[in-house]
$ cat query_17.csv   # CSV, C-alpha atoms
chain,number,residue,atom,x,y,z
A,21,MET,CA,1.7,221.4,216.1
A,22,ARG,CA,-2.0,221.0,216.5
A,23,LEU,CA,-4.3,223.1,218.6
A,24,PHE,CA,-7.5,221.9,220.3
A,25,TYR,CA,-10.2,224.3,221.5
A,26,VAL,CA,-12.4,222.7,224.2
A,27,ASP,CA,-15.9,223.6,225.3
A,28,GLU,CA,-18.8,221.8,227.0
A,29,SER,CA,-22.5,221.3,226.7
A,30,GLY,CA,-25.2,219.5,228.6
A,31,THR,CA,-25.7,219.7,232.3
A,32,GLY,CA,-24.1,218.6,235.6
A,33,LEU,CA,-24.3,215.2,237.3
A,34,LYS,CA,-27.5,215.9,239.4
A,35,ASP,CA,-29.4,217.9,236.8
A,36,ASP,CA,-32.1,215.7,235.3
A,37,ASN,CA,-33.0,218.2,232.6
A,38,SER,CA,-30.4,216.6,230.4
A,39,PRO,CA,-29.1,213.0,230.5
A,40,PHE,CA,-25.7,213.9,229.0
A,41,PHE,CA,-22.6,215.9,229.7
A,42,VAL,CA,-20.5,216.7,226.6
A,43,LEU,CA,-17.0,217.9,225.9
A,44,ALA,CA,-16.0,218.8,222.4
A,45,ALA,CA,-12.4,219.5,221.1
A,46,PHE,CA,-12.2,221.4,217.9
A,47,GLY,CA,-8.8,220.6,216.5
A,48,LEU,CA,-6.7,221.8,213.6
A,49,SER,CA,-3.1,222.6,212.7
A,50,ALA,CA,-1.4,225.7,214.1
A,51,GLU,CA,-1.0,226.9,210.5
A,52,ALA,CA,-4.7,226.6,209.8
A,53,ALA,CA,-5.5,228.2,213.2
A,54,ALA,CA,-3.5,231.3,212.3
A,55,SER,CA,-6.0,232.3,209.6
A,56,LEU,CA,-9.1,231.1,211.5
A,57,ASP,CA,-9.8,234.5,213.1
A,58,THR,CA,-9.7,236.3,209.8
A,59,SER,CA,-12.1,233.9,208.0
A,60,LEU,CA,-14.5,233.6,210.9
A,61,THR,CA,-14.6,237.4,211.3
A,62,ALA,CA,-15.6,237.6,207.6
A,63,LEU,CA,-18.4,235.0,208.2
A,64,LYS,CA,-19.7,237.0,211.1
A,65,ARG,CA,-19.9,240.2,209.0
A,66,ARG,CA,-22.0,238.4,206.5
A,67,LEU,CA,-24.3,236.8,209.1
A,68,VAL,CA,-24.8,239.8,211.4
A,69,SER,CA,-24.3,242.9,209.3
A,70,TRP,CA,-25.9,245.3,211.9
A,71,ALA,CA,-23.2,244.7,214.6
A,72,PRO,CA,-19.4,244.6,214.7
A,73,PRO,CA,-18.2,241.0,214.4
A,74,GLU,CA,-16.5,241.4,217.8
A,75,ASP,CA,-19.9,241.8,219.4
A,76,PHE,CA,-21.3,238.6,217.9
A,77,GLU,CA,-20.3,235.4,219.5
A,78,ILE,CA,-21.2,232.2,217.7
A,79,LYS,CA,-23.1,230.1,220.3
A,80,GLY,CA,-25.4,227.2,219.5
A,81,ARG,CA,-27.9,228.1,222.2
A,82,ASP,CA,-28.2,231.7,221.1
A,83,LEU,CA,-28.7,230.8,217.5
A,84,ARG,CA,-31.3,228.1,218.2
A,85,ARG,CA,-33.3,230.1,220.8
A,86,GLY,CA,-32.9,233.6,219.3
A,87,GLU,CA,-31.1,235.2,222.2
A,88,LYS,CA,-28.9,238.3,222.8
A,89,LEU,CA,-28.2,240.0,219.4
A,90,LEU,CA,-30.5,237.5,217.7
A,91,LYS,CA,-33.6,238.2,219.7
A,92,ARG,CA,-35.5,239.8,216.8
A,93,VAL,CA,-34.1,237.5,214.1
A,94,ALA,CA,-36.7,235.2,212.5
A,95,TRP,CA,-36.2,231.4,212.7
A,96,GLU,CA,-35.6,231.1,209.0
A,97,ASN,CA,-32.8,233.5,209.2
A,98,ARG,CA,-31.3,231.8,212.2
A,99,VAL,CA,-31.4,228.5,210.4
A,100,HIS,CA,-29.5,230.1,207.5
A,101,MET,CA,-26.9,231.3,210.0
A,102,MET,CA,-26.5,227.9,211.6
A,103,VAL,CA,-26.2,226.2,208.2
A,104,SER,CA,-23.6,228.8,207.2
A,105,VAL,CA,-21.6,228.0,210.4
A,106,ALA,CA,-21.9,224.3,209.8
A,107,GLU,CA,-20.8,224.6,206.2
A,108,PHE,CA,-17.9,226.8,207.4
A,109,ILE,CA,-16.8,224.1,209.8
A,110,ALA,CA,-17.2,221.3,207.2
A,111,GLY,CA,-15.0,223.3,204.8
A,112,LEU,CA,-12.1,223.6,207.4
A,113,PRO,CA,-9.2,221.2,207.6
A,114,CYS,CA,-10.3,220.3,211.1
A,115,ARG,CA,-11.5,217.4,213.2
A,116,VAL,CA,-13.8,217.6,216.2
A,117,ILE,CA,-13.7,215.0,218.9
A,118,VAL,CA,-16.9,214.8,221.0
A,119,ILE,CA,-17.1,212.9,224.3
A,120,GLN,CA,-20.7,212.2,225.4
A,121,ALA,CA,-21.2,210.9,228.9
A,122,ASP,CA,-24.6,209.4,229.8
A,123,LYS,CA,-25.1,210.4,233.4
A,124,ARG,CA,-27.9,207.9,233.9
A,125,ASP,CA,-25.4,205.0,233.5
A,126,LEU,CA,-22.6,206.7,235.6
A,127,ARG,CA,-24.3,207.8,238.8
A,128,LYS,CA,-23.5,204.5,240.5
A,129,VAL,CA,-19.8,205.0,240.0
A,130,VAL,CA,-19.5,208.8,239.7
A,131,SER,CA,-20.3,210.8,242.9
A,132,THR,CA,-19.3,214.4,242.3
A,133,GLU,CA,-19.3,217.0,239.5
A,134,ASP,CA,-15.5,217.1,239.6
A,135,HIS,CA,-15.3,213.3,239.2
A,136,LEU,CA,-17.7,213.5,236.2
A,137,TYR,CA,-15.7,216.3,234.5
A,138,GLY,CA,-12.4,214.5,235.2
A,139,LEU,CA,-13.7,211.2,233.7
A,140,VAL,CA,-14.9,212.9,230.5
A,141,LEU,CA,-11.8,215.0,230.2
A,142,TRP,CA,-9.5,212.0,230.6
A,143,ARG,CA,-11.3,210.2,227.8
A,144,LEU,CA,-11.0,213.3,225.6
A,145,LEU,CA,-7.3,213.6,226.3
A,146,ASP,CA,-6.8,209.9,225.4
A,147,GLU,CA,-8.6,210.5,222.1
A,148,ILE,CA,-6.5,213.7,221.4
A,149,GLU,CA,-3.3,211.8,222.1
A,150,ARG,CA,-4.4,209.1,219.5
A,151,GLU,CA,-5.0,211.9,217.0
A,152,LEU,CA,-1.6,213.5,217.7
A,153,GLU,CA,0.1,210.1,217.3
A,154,GLU,CA,-1.7,209.7,213.9
A,155,PHE,CA,-0.4,213.1,212.8
A,156,GLY,CA,3.0,212.6,214.4
A,157,SER,CA,2.5,216.0,216.0
A,158,SER,CA,2.6,217.7,219.3
A,159,GLY,CA,-0.4,219.6,220.6
A,160,MET,CA,-1.8,222.3,222.9
A,161,LEU,CA,-5.2,222.7,224.6
A,162,MET,CA,-7.2,225.9,225.0
A,163,ILE,CA,-10.2,225.5,227.2
A,164,ASP,CA,-13.1,227.9,227.7
A,165,ALA,CA,-12.4,229.7,230.9
A,166,ARG,CA,-14.9,229.4,233.8
A,167,SER,CA,-12.9,231.3,236.4
A,168,ASP,CA,-12.8,235.1,236.9
A,169,LEU,CA,-10.4,237.6,238.2
A,170,HIS,CA,-11.2,236.7,241.8
A,171,THR,CA,-11.2,232.9,241.8
A,172,SER,CA,-9.6,230.0,239.9
A,173,VAL,CA,-11.7,227.3,241.4
A,174,GLN,CA,-13.5,226.3,238.2
A,175,ASP,CA,-10.4,226.0,236.1
A,176,ARG,CA,-8.3,224.5,238.9
A,177,ARG,CA,-10.3,221.3,238.5
A,178,VAL,CA,-9.2,221.1,234.8
A,179,VAL,CA,-5.6,221.6,235.7
A,180,ASP,CA,-5.8,219.0,238.5
A,181,ALA,CA,-7.4,216.4,236.2
A,182,PHE,CA,-4.9,217.1,233.4
A,183,ARG,CA,-2.0,216.6,235.8
A,184,GLN,CA,-3.5,213.3,237.1
A,185,TRP,CA,-3.9,212.1,233.6
A,186,ARG,CA,-0.4,213.0,232.6
A,187,ALA,CA,1.1,211.5,235.7
A,188,GLY,CA,0.1,208.0,234.6
A,189,ARG,CA,1.9,208.3,231.3
A,190,PRO,CA,5.7,208.3,230.8
A,191,ALA,CA,5.4,210.6,227.7
A,192,VAL,CA,2.6,212.5,226.1
A,193,ARG,CA,2.4,214.7,222.9
A,194,LEU,CA,0.3,217.4,224.6
A,195,LEU,CA,2.7,220.1,225.7
A,196,GLU,CA,2.3,222.2,228.9
A,197,LEU,CA,-0.9,222.6,230.9
A,198,PRO,CA,-4.1,223.7,229.2
A,199,TRP,CA,-4.4,227.3,228.4
A,200,PHE,CA,-7.6,229.1,229.2
A,201,GLY,CA,-9.4,231.8,227.2
A,202,PHE,CA,-12.7,233.5,226.9
A,203,SER,CA,-14.9,232.3,224.1
A,204,ALA,CA,-15.8,235.8,223.0
A,205,PHE,CA,-12.1,236.3,222.0
A,206,TYR,CA,-11.3,233.0,220.3
A,207,GLY,CA,-13.1,231.6,217.3
A,208,GLY,CA,-12.0,228.1,217.9
A,209,LEU,CA,-13.8,228.1,221.3
A,210,GLN,CA,-16.9,229.4,219.6
A,211,LEU,CA,-16.9,226.7,217.0
A,212,ALA,CA,-16.3,224.1,219.8
A,213,ASP,CA,-19.4,225.4,221.6
A,214,PHE,CA,-21.4,225.3,218.4
A,215,VAL,CA,-20.5,221.6,217.7
A,216,ALA,CA,-21.0,220.6,221.3
A,217,TYR,CA,-24.4,222.2,221.5
A,218,LEU,CA,-25.6,220.6,218.2
A,219,CYS,CA,-24.3,217.2,219.2
A,220,ASP,CA,-26.0,217.5,222.5
A,221,TRP,CA,-29.3,218.5,220.8
A,222,ALA,CA,-29.1,215.7,218.3
A,223,HIS,CA,-28.8,213.0,220.9
A,224,ASN,CA,-30.4,214.5,223.9
A,225,GLU,CA,-33.1,217.2,223.5
A,226,ASP,CA,-36.7,216.2,223.5
A,227,PRO,CA,-37.5,217.3,219.9
A,228,SER,CA,-41.2,217.8,220.6
A,229,SER,CA,-40.9,221.6,221.0
A,230,ASP,CA,-38.8,221.9,217.9
A,231,ALA,CA,-41.1,219.5,216.0
A,232,SER,CA,-44.2,221.4,216.9
A,233,ALA,CA,-42.7,224.5,215.3
A,234,GLY,CA,-41.4,222.6,212.3
A,235,ARG,CA,-37.8,223.1,213.4
A,236,ALA,CA,-36.5,219.7,214.2
A,237,ASP,CA,-35.8,218.9,210.5
A,238,ASP,CA,-33.9,222.2,210.1
A,239,LEU,CA,-31.7,221.4,213.1
A,240,ARG,CA,-31.0,217.9,211.9
A,241,HIS,CA,-29.9,219.3,208.6
A,242,VAL,CA,-27.5,221.6,210.4
A,243,PHE,CA,-26.1,218.7,212.4
A,244,GLU,CA,-25.8,216.5,209.4
A,245,THR,CA,-23.8,219.2,207.6
A,246,LEU,CA,-21.1,219.3,210.2
A,247,ALA,CA,-21.3,215.6,211.2
A,248,PRO,CA,-18.5,214.4,208.7
A,249,ARG,CA,-16.0,216.5,210.8
A,250,VAL,CA,-17.2,215.0,214.1
A,251,ARG,CA,-16.0,211.8,215.8
A,252,LEU,CA,-18.4,210.9,218.6
A,253,VAL,CA,-17.2,208.8,221.6
A,254,ARG,CA,-19.8,207.6,224.2
A,255,ILE,CA,-19.3,206.9,227.9
A,256,PRO,CA,-20.0,204.2,228.9

$ encode --input "query_17.csv" --output "structure tokens"
Amino acid sequence: MRLFYVDESGTGLKDDNSPFFVLAAFGLSAEAAASLDTSLTALKRRLVSWAPPEDFEIKGRDLRRGEKLLKRVAWENRVHMMVSVAEFIAGLPCRVIVIQADKRDLRKVVSTEDHLYGLVLWRLLDEIERELEEFGSSGMLMIDARSDLHTSVQDRRVVDAFRQWRAGRPAVRLLELPWFGFSAFYGGLQLADFVAYLCDWAHNEDPSSDASAGRADDLRHVFETLAPRVRLVRIP
């Protein structure tokens, strides 16, 4: 059994602040996933010694921008944190599939946010199926939850897209519908967020603000550290 933790980065169809929408699936065997929480908690203790590891969520945006618990942490220390996370990922028996959709080339054929999400998710599911075939394994998905206790609208689109994808195939290795979890609770989701954000930055962000502060090279080093674990697929 292989588990895939899925998170997104980039922006929606009509948001011109970013040309890309990204989904990343952080995948590893169920046996390796069983020890992930313990090893990631130990890493968090080393990185943020002044707070309980449960209070520190690894998020690419927070690390780069110095937000939340990292508000008073200097850039040099945040770079060290990002490199440590990248090295942690590089040392895991994992693979990360990243689907990057260029919205500029899709707006003539994609009309809604749900259509865009479904298109990218379907491609991600195809790639996951290929990987499961390679390993001769079954698999499960956990996706970063967007719904709350009062509505399931955001996650409903994922379920609908998954059912539509599965309906066109006589047999698939992915078992059941996707599960949903909060990234604060699941290390795999946090690592998927980190990779998605770094991939998005590497191909998308105008580096001028980072370059002016001497930061772009630092961020490229972080991305290059984890890049061997990443397989990038572009749409179109």

$ closest_residue --input "query_17.csv" --among "A:Val42, A:Ile163, A:Leu218, A:Ala247" --to "Asp122 (chain A)" --atoms "all atoms listed in the file"
A:Val42

$ atom_distance --input "query_17.csv" --atom1 "CA of Ala204 (chain A)" --atom2 "CA of Glu74 (chain A)"
7.7 Å

$ atom_distance --input "query_17.csv" --atom1 "CA of Ala44 (chain A)" --atom2 "CA of Arg150 (chain A)"
15.4 Å

$ closest_residue --input "query_17.csv" --among "A:Phe243, A:Arg249, A:Asp238, A:Ala191" --to "Gly47 (chain A)" --atoms "only C-alpha atoms"
A:Arg249

$ residues_around --input "query_17.csv" --residues "Tyr25 (chain A)" --least-positions-apart "4" --cutoff "7 Å" --atoms "only C-alpha atoms" --output "list of chain:residue names"
A:Ala45, A:Phe46, A:Gly47, A:Leu161, A:Met162, A:Ile163, A:Gly208, A:Leu209, A:Ala212

$ closest_residue --input "query_17.csv" --among "A:Lys79, A:Arg66, A:Arg143, A:His241" --to "Ser29 (chain A)" --atoms "only C-alpha atoms"
A:Lys79

$ residues_around --input "query_17.csv" --residues "Leu141 (chain A)" --least-positions-apart "3" --cutoff "10 Å" --atoms "only C-alpha atoms" --output "JSON, numbers by chain"
{"A": [26, 42, 43, 44, 119, 135, 136, 137, 138, 144, 145, 146, 147, 178, 181, 182, 185]}

$ residues_near_point --input "query_17.csv" --point "(-7.3, 227.9, 213.2)" --cutoff "12 Å" --atoms "all atoms listed in the file" --output "count of residues only"
33

$ closest_residue --input "query_17.csv" --among "A:Ala94, A:Leu194, A:Phe200, A:Glu149" --to "Gln174 (chain A)" --atoms "all atoms listed in the file"
A:Phe200

$ atom_distance --input "query_17.csv" --atom1 "CA of Lys123 (chain A)" --atom2 "CA of Glu244 (chain A)"
24.8 Å

$ closest_residue --input "query_17.csv" --among "A:Leu252, A:Phe214, A:Asp164, A:Ile117" --to "Ile78 (chain A)" --atoms "only C-alpha atoms"
A:Phe214

$ closest_residue --input "query_17.csv" --among "A:Leu126, A:Val253, A:Leu197, A:Ala106" --to "Leu239 (chain A)" --atoms "all atoms listed in the file"
A:Ala106

$ residues_around --input "query_17.csv" --residues "Arg81 (chain A)" --least-positions-apart "4" --cutoff "12 Å" --atoms "only C-alpha atoms" --output "number ranges by chain"
A: 29-30, 77, 85-88, 90-91, 98, 102, 210, 213-221, 239

$ write_last_selection --input "query_17.csv" --atoms "C-alpha atoms" --output "short mmCIF file (atom, residue, chain, number, x, y, z; two decimals), in the frame of the given file"
data_model
loop_
_atom_site.label_atom_id
_atom_site.label_comp_id
_atom_site.auth_asym_id
_atom_site.auth_seq_id
_atom_site.Cartn_x
_atom_site.Cartn_y
_atom_site.Cartn_z
CA SER A 29 -22.50 221.30 226.70
CA GLY A 30 -25.20 219.50 228.60
CA GLU A 77 -20.30 235.40 219.50
CA ARG A 85 -33.30 230.10 220.80
CA GLY A 86 -32.90 233.60 219.30
CA GLU A 87 -31.10 235.20 222.20
CA LYS A 88 -28.90 238.30 222.80
CA LEU A 90 -30.50 237.50 217.70
CA LYS A 91 -33.60 238.20 219.70
CA ARG A 98 -31.30 231.80 212.20
CA MET A 102 -26.50 227.90 211.60
CA GLN A 210 -16.90 229.40 219.60
CA ASP A 213 -19.40 225.40 221.60
CA PHE A 214 -21.40 225.30 218.40
CA VAL A 215 -20.50 221.60 217.70
CA ALA A 216 -21.00 220.60 221.30
CA TYR A 217 -24.40 222.20 221.50
CA LEU A 218 -25.60 220.60 218.20
CA CYS A 219 -24.30 217.20 219.20
CA ASP A 220 -26.00 217.50 222.50
CA TRP A 221 -29.30 218.50 220.80
CA LEU A 239 -31.70 221.40 213.10
#
